[in-house]
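Enquirer: Following this line is run_15.pdb, made up of PDB, C-alpha atoms:
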ATOM      1  CA  SER S 262     -10.824  -9.461  -3.251
ATOM      2  CA  GLN S 263     -11.864  -6.336  -1.443
ATOM      3  CA  THR S 264     -14.931  -6.323   0.762
ATOM      4  CA  ILE S 265     -16.565  -3.833   3.044
ATOM      5  CA  HIS S 266     -18.534  -4.745   6.134
ATOM      6  CA  GLN S 267     -20.907  -2.426   7.874
ATOM      7  CA  TRP S 268     -22.960  -3.207  10.948
ATOM      8  CA  PRO S 269     -25.516  -3.326  12.332
ATOM      9  CA  ALA S 270     -27.963  -3.420   9.423
ATOM     10  CA  THR S 271     -30.768  -1.856  11.435
ATOM     11  CA  LEU S 272     -30.819  -0.020  14.721
ATOM     12  CA  VAL S 273     -33.516   1.570  16.822
ATOM     13  CA  GLN S 274     -32.238   3.862  19.541
ATOM     14  CA  PRO S 275     -33.935   6.227  21.978
ATOM     15  CA  VAL S 276     -33.244   9.933  21.906
ATOM     16  CA  GLY S 277     -30.254  10.786  24.047
ATOM     17  CA  SER S 278     -28.608   7.406  23.774
ATOM     18  CA  PRO S 279     -25.109   6.915  22.349
ATOM     19  CA  LEU S 280     -24.340   5.533  18.906
ATOM     20  CA  SER S 281     -21.540   3.505  17.421
ATOM     21  CA  LEU S 282     -21.609   2.254  13.843
ATOM     22  CA  GLU S 283     -18.653   0.309  12.571
ATOM     23  CA  CYS S 284     -17.259  -0.188   9.110
ATOM     24  CA  THR S 285     -14.303  -2.353   8.140
ATOM     25  CA  VAL S 286     -12.634  -2.914   4.813
ATOM     26  CA  GLU S 287     -10.731  -6.027   3.777
ATOM     27  CA  GLY S 288      -8.361  -6.702   0.928
ATOM     28  CA  THR S 289      -6.909  -3.244   0.469
ATOM     29  CA  SER S 290      -4.503  -0.902   2.201
ATOM     30  CA  ASN S 291      -4.716   2.771   3.043
ATOM     31  CA  PRO S 292      -8.175   3.293   1.599
ATOM     32  CA  ASN S 293     -10.014   6.583   1.599
ATOM     33  CA  LEU S 294     -13.037   6.068   3.823
ATOM     34  CA  TYR S 295     -16.364   7.873   3.798
ATOM     35  CA  TRP S 296     -19.508   8.082   5.890
ATOM     36  CA  TYR S 297     -22.647   9.208   4.064
ATOM     37  CA  ARG S 298     -26.196   9.702   5.220
ATOM     38  CA  GLN S 299     -29.099   9.064   2.917
ATOM     39  CA  ALA S 300     -32.011  11.026   4.321
ATOM     40  CA  ALA S 301     -35.446  10.987   2.776
ATOM     41  CA  GLY S 302     -35.692  13.526  -0.016
ATOM     42  CA  ARG S 303     -32.129  14.702   0.455
ATOM     43  CA  GLY S 304     -30.024  12.172  -1.373
ATOM     44  CA  LEU S 305     -26.561  11.225  -0.230
ATOM     45  CA  GLN S 306     -24.863  13.636   2.108
ATOM     46  CA  LEU S 307     -21.156  13.300   2.851
ATOM     47  CA  LEU S 308     -20.626  13.382   6.615
ATOM     48  CA  PHE S 309     -17.006  12.414   7.161
ATOM     49  CA  TYR S 310     -13.987  11.632   5.090
ATOM     50  CA  SER S 311     -10.695  10.031   6.068
ATOM     51  CA  VAL S 312      -7.459   9.541   4.148
ATOM     52  CA  GLY S 313      -5.539   7.842   6.940
ATOM     53  CA  ILE S 314      -5.467   6.720  10.548
ATOM     54  CA  GLY S 315      -6.573   9.518  12.813
ATOM     55  CA  GLN S 316      -7.240  11.863   9.886
ATOM     56  CA  ILE S 317     -10.884  12.871   9.776
ATOM     57  CA  SER S 318     -12.548  15.649   7.810
ATOM     58  CA  SER S 319     -16.035  16.704   8.792
ATOM     59  CA  GLU S 320     -18.190  17.972   5.989
ATOM     60  CA  VAL S 321     -21.176  19.275   7.885
ATOM     61  CA  PRO S 322     -21.661  20.464  11.455
ATOM     62  CA  GLN S 323     -23.672  17.905  13.316
ATOM     63  CA  ASN S 324     -24.228  15.801  16.342
ATOM     64  CA  LEU S 325     -22.003  13.021  15.041
ATOM     65  CA  SER S 326     -18.288  12.263  15.096
ATOM     66  CA  ALA S 327     -16.051   9.792  13.333
ATOM     67  CA  SER S 328     -12.844   7.997  14.193
ATOM     68  CA  ARG S 329     -10.369   5.828  12.374
ATOM     69  CA  PRO S 330      -8.431   3.843  14.945
ATOM     70  CA  GLN S 331      -7.002   1.438  12.376
ATOM     71  CA  ASP S 332      -6.208   1.655   8.689
ATOM     72  CA  ARG S 333      -9.302  -0.228   7.596
ATOM     73  CA  GLN S 334     -11.726   0.628  10.365
ATOM     74  CA  PHE S 335     -14.037   3.620  10.363
ATOM     75  CA  ILE S 336     -16.440   4.336  13.216
ATOM     76  CA  LEU S 337     -19.370   6.732  13.328
ATOM     77  CA  SER S 338     -20.409   7.837  16.808
ATOM     78  CA  SER S 339     -22.655  10.067  18.791
ATOM     79  CA  LYS S 340     -22.773  10.772  22.496
ATOM     80  CA  LYS S 341     -26.465  11.692  22.475
ATOM     81  CA  LEU S 342     -28.714  10.912  19.542
ATOM     82  CA  LEU S 343     -31.310  13.353  18.259
ATOM     83  CA  LEU S 344     -34.475  12.539  16.354
ATOM     84  CA  SER S 345     -32.949  14.244  13.332
ATOM     85  CA  ASP S 346     -30.126  11.677  13.294
ATOM     86  CA  SER S 347     -32.509   9.095  11.895
ATOM     87  CA  GLY S 348     -31.581   7.967   8.417
ATOM     88  CA  PHE S 349     -29.707   5.472   6.337
ATOM     89  CA  TYR S 350     -25.954   5.536   6.893
ATOM     90  CA  LEU S 351     -23.546   4.302   4.294
ATOM     91  CA  CYS S 352     -19.858   3.584   4.615
ATOM     92  CA  ALA S 353     -17.709   3.607   1.496
ATOM     93  CA  TRP S 354     -14.086   3.260   0.468
ATOM     94  CA  SER S 355     -11.910   4.082  -2.504
ATOM     95  CA  VAL S 356      -8.235   4.000  -3.380
ATOM     96  CA  GLY S 357      -6.168   5.909  -5.805
ATOM     97  CA  ARG S 358      -6.717   9.303  -7.260
ATOM     98  CA  VAL S 359      -7.928   9.392 -10.825
ATOM     99  CA  SER S 360     -11.400   8.066 -11.513
ATOM    100  CA  ALA S 361     -11.267   5.758  -8.531
ATOM    101  CA  GLU S 362     -14.507   3.943  -7.952
ATOM    102  CA  ALA S 363     -16.109   4.086  -4.518
ATOM    103  CA  PHE S 364     -17.418   0.858  -3.014
ATOM    104  CA  PHE S 365     -20.306   0.974  -0.606
ATOM    105  CA  GLY S 366     -21.384  -1.081   2.344
ATOM    106  CA  GLN S 367     -24.889  -2.410   2.781
ATOM    107  CA  GLY S 368     -25.828   0.473   5.030
ATOM    108  CA  THR S 369     -27.369   0.889   8.471
ATOM    109  CA  ARG S 370     -30.954   2.000   8.935
ATOM    110  CA  LEU S 371     -30.992   4.086  12.109
ATOM    111  CA  THR S 372     -34.274   5.073  13.697
ATOM    112  CA  VAL S 373     -34.160   7.365  16.693
ATOM    113  CA  VAL S 374     -37.331   7.215  18.753
TER     114      VAL S 374
ATOM    115  CA  ALA U 190     -18.739  25.529  -3.690
ATOM    116  CA  GLN U 191     -18.918  22.148  -5.328
ATOM    117  CA  ARG U 192     -22.387  20.938  -6.000
ATOM    118  CA  VAL U 193     -24.230  18.290  -7.959
ATOM    119  CA  THR U 194     -27.847  18.869  -8.906
ATOM    120  CA  GLN U 195     -30.285  16.298 -10.155
ATOM    121  CA  PRO U 196     -33.469  18.236 -10.831
ATOM    122  CA  GLU U 197     -35.793  15.243 -11.111
ATOM    123  CA  LYS U 198     -36.580  13.201  -8.019
ATOM    124  CA  LEU U 199     -38.802  10.854  -9.990
ATOM    125  CA  LEU U 200     -38.775   9.847 -13.630
ATOM    126  CA  SER U 201     -41.192   7.439 -15.244
ATOM    127  CA  VAL U 202     -40.980   6.059 -18.760
ATOM    128  CA  PHE U 203     -42.380   3.117 -20.671
ATOM    129  CA  LYS U 204     -40.305   0.181 -21.776
ATOM    130  CA  GLY U 205     -38.592   0.903 -25.070
ATOM    131  CA  ALA U 206     -38.775   4.665 -24.681
ATOM    132  CA  PRO U 207     -35.659   6.828 -24.484
ATOM    133  CA  VAL U 208     -34.634   8.007 -21.062
ATOM    134  CA  GLU U 209     -32.449  10.881 -19.920
ATOM    135  CA  LEU U 210     -31.521  11.541 -16.312
ATOM    136  CA  LYS U 211     -30.247  15.043 -15.827
ATOM    137  CA  CYS U 212     -27.211  16.045 -13.831
ATOM    138  CA  ASN U 213     -25.622  19.462 -13.512
ATOM    139  CA  TYR U 214     -22.566  20.315 -11.505
ATOM    140  CA  SER U 215     -20.694  23.332 -10.260
ATOM    141  CA  TYR U 216     -16.966  23.123  -9.757
ATOM    142  CA  SER U 217     -14.228  25.529 -10.694
ATOM    143  CA  GLY U 218     -11.611  22.847 -11.310
ATOM    144  CA  SER U 219     -11.417  19.918 -13.685
ATOM    145  CA  PRO U 220     -14.269  17.610 -12.725
ATOM    146  CA  GLU U 221     -14.407  13.869 -12.470
ATOM    147  CA  LEU U 222     -17.974  12.713 -12.855
ATOM    148  CA  PHE U 223     -19.695   9.418 -12.208
ATOM    149  CA  TRP U 224     -23.076   7.799 -12.280
ATOM    150  CA  TYR U 225     -23.944   5.380  -9.494
ATOM    151  CA  VAL U 226     -26.986   3.124  -9.393
ATOM    152  CA  GLN U 227     -28.829   1.412  -6.585
ATOM    153  CA  TYR U 228     -31.148  -1.403  -7.580
ATOM    154  CA  SER U 229     -33.756  -2.636  -5.152
ATOM    155  CA  ARG U 230     -32.146  -4.433  -2.191
ATOM    156  CA  GLN U 231     -28.666  -4.027  -3.616
ATOM    157  CA  ARG U 232     -25.703  -1.871  -2.718
ATOM    158  CA  LEU U 233     -24.996   1.410  -4.340
ATOM    159  CA  GLN U 234     -22.574   0.686  -7.169
ATOM    160  CA  LEU U 235     -20.743   2.445  -9.944
ATOM    161  CA  LEU U 236     -22.507   2.527 -13.294
ATOM    162  CA  LEU U 237     -20.086   4.549 -15.364
ATOM    163  CA  ARG U 238     -17.473   7.295 -15.202
ATOM    164  CA  HIS U 239     -16.967  10.090 -17.682
ATOM    165  CA  ILE U 240     -13.265   9.515 -18.169
ATOM    166  CA  SER U 241     -13.846   6.030 -19.537
ATOM    167  CA  ARG U 242     -16.328   7.151 -22.196
ATOM    168  CA  GLU U 243     -17.942   3.776 -21.825
ATOM    169  CA  SER U 244     -21.415   2.417 -22.402
ATOM    170  CA  ILE U 245     -22.698   0.254 -19.595
ATOM    171  CA  LYS U 246     -26.001  -1.608 -19.878
ATOM    172  CA  GLY U 247     -26.808   0.631 -22.818
ATOM    173  CA  PHE U 248     -26.306   3.818 -20.805
ATOM    174  CA  THR U 249     -23.987   6.610 -21.879
ATOM    175  CA  ALA U 250     -23.149   9.967 -20.386
ATOM    176  CA  ASP U 251     -21.258  12.812 -21.980
ATOM    177  CA  LEU U 252     -19.523  15.503 -20.036
ATOM    178  CA  ASN U 253     -20.476  18.932 -21.355
ATOM    179  CA  LYS U 254     -18.185  21.447 -19.721
ATOM    180  CA  GLY U 255     -19.890  24.382 -21.390
ATOM    181  CA  GLU U 256     -23.232  23.481 -19.891
ATOM    182  CA  THR U 257     -21.649  21.870 -16.790
ATOM    183  CA  SER U 258     -23.789  18.816 -17.351
ATOM    184  CA  PHE U 259     -23.353  15.064 -17.288
ATOM    185  CA  HIS U 260     -26.717  13.678 -18.315
ATOM    186  CA  LEU U 261     -27.275   9.919 -18.379
ATOM    187  CA  LYS U 262     -29.004   8.570 -21.475
ATOM    188  CA  LYS U 263     -30.341   5.321 -22.821
ATOM    189  CA  PRO U 264     -32.150   5.053 -26.146
ATOM    190  CA  PHE U 265     -34.452   2.177 -25.167
ATOM    191  CA  ALA U 266     -35.294   1.752 -21.494
ATOM    192  CA  GLN U 267     -35.829  -1.688 -19.986
ATOM    193  CA  GLU U 268     -37.823  -2.666 -16.906
ATOM    194  CA  GLU U 269     -34.642  -3.817 -15.184
ATOM    195  CA  ASP U 270     -33.318  -0.268 -15.420
ATOM    196  CA  SER U 271     -35.721   0.760 -12.671
ATOM    197  CA  ALA U 272     -33.531   1.962  -9.814
ATOM    198  CA  MET U 273     -32.211   4.984  -7.958
ATOM    199  CA  TYR U 274     -29.543   6.832  -9.911
ATOM    200  CA  TYR U 275     -27.011   9.192  -8.406
ATOM    201  CA  CYS U 276     -24.715  11.566 -10.205
ATOM    202  CA  ALA U 277     -21.438  12.160  -8.370
ATOM    203  CA  LEU U 278     -18.538  14.573  -8.593
ATOM    204  CA  ARG U 279     -15.064  14.052  -7.280
ATOM    205  CA  TYR U 280     -13.373  17.301  -6.448
ATOM    206  CA  TRP U 281     -10.003  18.325  -5.122
ATOM    207  CA  GLY U 282      -9.281  20.998  -2.614
ATOM    208  CA  GLY U 283      -6.546  22.648  -0.648
ATOM    209  CA  GLY U 284      -3.712  21.270  -2.734
ATOM    210  CA  THR U 285      -4.325  17.778  -1.494
ATOM    211  CA  SER U 286      -3.646  14.697  -3.551
ATOM    212  CA  TYR U 287      -6.971  13.106  -2.810
ATOM    213  CA  GLY U 288     -10.529  13.885  -3.766
ATOM    214  CA  LYS U 289     -13.881  13.914  -2.080
ATOM    215  CA  LEU U 290     -16.901  12.358  -3.680
ATOM    216  CA  THR U 291     -20.113  14.333  -3.505
ATOM    217  CA  PHE U 292     -23.485  13.158  -4.775
ATOM    218  CA  GLY U 293     -26.622  14.667  -6.148
ATOM    219  CA  GLN U 294     -29.994  14.013  -4.564
ATOM    220  CA  GLY U 295     -30.722  11.085  -6.779
ATOM    221  CA  THR U 296     -33.410  10.257  -9.336
ATOM    222  CA  ILE U 297     -35.730   7.304  -9.002
ATOM    223  CA  LEU U 298     -36.294   5.848 -12.439
ATOM    224  CA  THR U 299     -39.320   3.664 -13.012
ATOM    225  CA  VAL U 300     -39.690   1.836 -16.299
ATOM    226  CA  HIS U 301     -43.219   0.614 -16.896
ATOM    227  CA  PRO U 302     -43.980  -2.458 -19.024
TER     228      PRO U 302
END
Take the structure in the file and write it out as structure tokens.

Expert:
Amino acid sequence: SQTIHQWPATLVQPVGSPLSLECTVEGTSNPNLYWYRQAAGRGLQLLFYSVGIGQISSEVPQNLSASRPQDRQFILSSKKLLLSDSGFYLCAWSVGRVSAEAFFGQGTRLTVV
Amino acid sequence: AQRVTQPEKLLSVFKGAPVELKCNYSYSGSPELFWYVQYSRQRLQLLLRHISRESIKGFTADLNKGETSFHLKKPFAQEEDSAMYYCALRYWGGGTSYGKLTFGQGTILTVHP
């Protein structure tokens, strides 16, 4: 069966420090991969989207970047964190085109101090 | 631009009362719409999709293209329905064969005993 792993679950980082959040999917091939941020009062915001290795679409200008070095691995990064990067980050995957369900990871609570 | 709007951040009802969570969308193409739910301490998960015309846990949602709405309804709310609900739209762009999933801001439903 398919599973999605996202880590770490919680992270406290100082302003200006780097960030690396990792997400891996098991049990499926060539998934569409997503990074979302769930900020207080703002719902789910799509940050990055990937349909294949090395193919990344950025949805909003920001201090973050994403990479997909392997088919089932999706990494969210920052060189220097800002206070405004605090939030709850969710990784998700889906396959197929019509009415494909998206499956979400457990999320990472990032607090930048 | 594609957008999903959930006008109510919070919705409170009593057990046994009808409940309707509103969702409006804007999209020039043919939409695919979903409702996702996040129960306390659980992952965000699919509740239902418009194309299936299904009823899940007593919830239904009808796509109204004229009003560009996809409201979620349940005739008799239960305490276990208390959760965060997200309306989502999958849209297609640039002639690609894949779609991006965008979410509304979410509605927190509380069902009181």

Enquirer: What does the distance from atom CA of Glu256 of chain U to atom CA of Tyr216 of chain U come to in Å, to one decimal?

Expert: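 For atom CA of Glu256 of chain U relative to atom CA of Tyr216 of chain U, the distance reads 11.9 Å.
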
Enquirer: With distances taken over only C-alpha atoms, which residue among U:Gly288, U:Pro264, U:Arg232, U:Asp251 lies nearest His266 of chain S?

Expert: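 The shortest atom-to-atom distance to His266 of chain S comes from U:Arg232.
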
Enquirer: Hey, list the chain S side of the contact with chain U: 7 Å cut-off, only C-alpha atoms, answer as a PyMOL selection string.

Expert: chain S and resi 303-305+307+358+360+362+364-367

Enquirer: The PyMOL selection byres ((chain U and resi 258) around 12) on the file shown: which residues, as a PyMOL selection string?

Expert: chain U and resi 192-196+210-216+220-223+239+250-257+259-261+276-278

Enquirer: Can you sort out the box for segment 265-278 of chain U, edges along x, y and z, all listed atoms in, 8 Å on every side, with centre and edge lengths in Å to one decimal, as JSON?

Expert:
{"center_x": -28.2, "center_y": 5.4, "center_z": -16.6, "size_x": 35.3, "size_y": 34.4, "size_z": 33.2}

Enquirer: Please indicate the distance in Å from atom CA of Ser345 of chain S to atom CA of Cys284 of chain S, rounded to one decimal place.

Expert: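 A separation of 21.7 Å between them.
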
Enquirer: Measure the distance from atom CA of Glu243 of chain U to atom CA of Gln267 of chain U in Å and round it to one decimal.

Expert: 18.8 Å

Enquirer: If we count all atoms listed in the file, what is near Gly313 of chain S at a cut-off of 8 Å, once residues fewer than 6 positions away on the same chain are taken out, given as a ChimeraX atom specification?

Expert: /S:291-293,329,332

Enquirer: List, as a ChimeraX atom specification, every residue that the PyMOL selection byres ((chain U and resi 268-271) around 8) selects in the file provided.

Expert: /U:204,228,266-267,272-273,297-302

Enquirer: Starting from the shown file, work through the PyMOL selection byres ((chain S and resi 278) around 7) and note down what comes out as a PyMOL selection string.

Expert: chain S and resi 274-277+279-280+340-342

Enquirer: Write out as a PDB file with C-alpha atoms, in the coordinates of the input each polymer residue whose atoms come within 12 Å of Ser338 of chain S, counting all atoms listed in the file; drop sequence neighbours fewer than 5 positions from it.

Expert:
ATOM      1  CA  SER S 278     -28.608   7.406  23.774  1.00  0.00           C
ATOM      2  CA  PRO S 279     -25.109   6.915  22.349  1.00  0.00           C
ATOM      3  CA  LEU S 280     -24.340   5.533  18.906  1.00  0.00           C
ATOM      4  CA  SER S 281     -21.540   3.505  17.421  1.00  0.00           C
ATOM      5  CA  LEU S 282     -21.609   2.254  13.843  1.00  0.00           C
ATOM      6  CA  GLU S 283     -18.653   0.309  12.571  1.00  0.00           C
ATOM      7  CA  CYS S 284     -17.259  -0.188   9.110  1.00  0.00           C
ATOM      8  CA  TRP S 296     -19.508   8.082   5.890  1.00  0.00           C
ATOM      9  CA  LEU S 308     -20.626  13.382   6.615  1.00  0.00           C
ATOM     10  CA  PHE S 309     -17.006  12.414   7.161  1.00  0.00           C
ATOM     11  CA  GLN S 323     -23.672  17.905  13.316  1.00  0.00           C
ATOM     12  CA  ASN S 324     -24.228  15.801  16.342  1.00  0.00           C
ATOM     13  CA  LEU S 325     -22.003  13.021  15.041  1.00  0.00           C
ATOM     14  CA  SER S 326     -18.288  12.263  15.096  1.00  0.00           C
ATOM     15  CA  ALA S 327     -16.051   9.792  13.333  1.00  0.00           C
ATOM     16  CA  SER S 328     -12.844   7.997  14.193  1.00  0.00           C
ATOM     17  CA  ARG S 329     -10.369   5.828  12.374  1.00  0.00           C
ATOM     18  CA  ASP S 346     -30.126  11.677  13.294  1.00  0.00           C
ATOM     19  CA  TYR S 350     -25.954   5.536   6.893  1.00  0.00           C
TER      20      TYR S 350
END

Enquirer: Would you kindly return, as a ChimeraX atom specification, each protein, DNA or RNA residue with an atom no farther than 7 Å from any atom of Ala363 of chain S, considering all atoms listed in the file and excluding same-chain residues fewer than 2 positions away?

Expert: /S:353-355,361,365

Enquirer: Of the candidates S:Leu371, S:Leu351, S:Val356, S:Leu343, which one gets nearest to Gln299 of chain S if we count all atoms listed in the file?

Expert: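 Comparing S:Leu371, S:Leu351, S:Val356, S:Leu343 against Gln299 of chain S, the winner is S:Leu351.
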
Enquirer: Nearest residue to Ser319 of chain S out of S:Tyr297, S:Thr289, S:Ser347, S:Arg370, using only C-alpha atoms?

Expert: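 Looking at the shortest contact to Ser319 of chain S, the residue is S:Tyr297.
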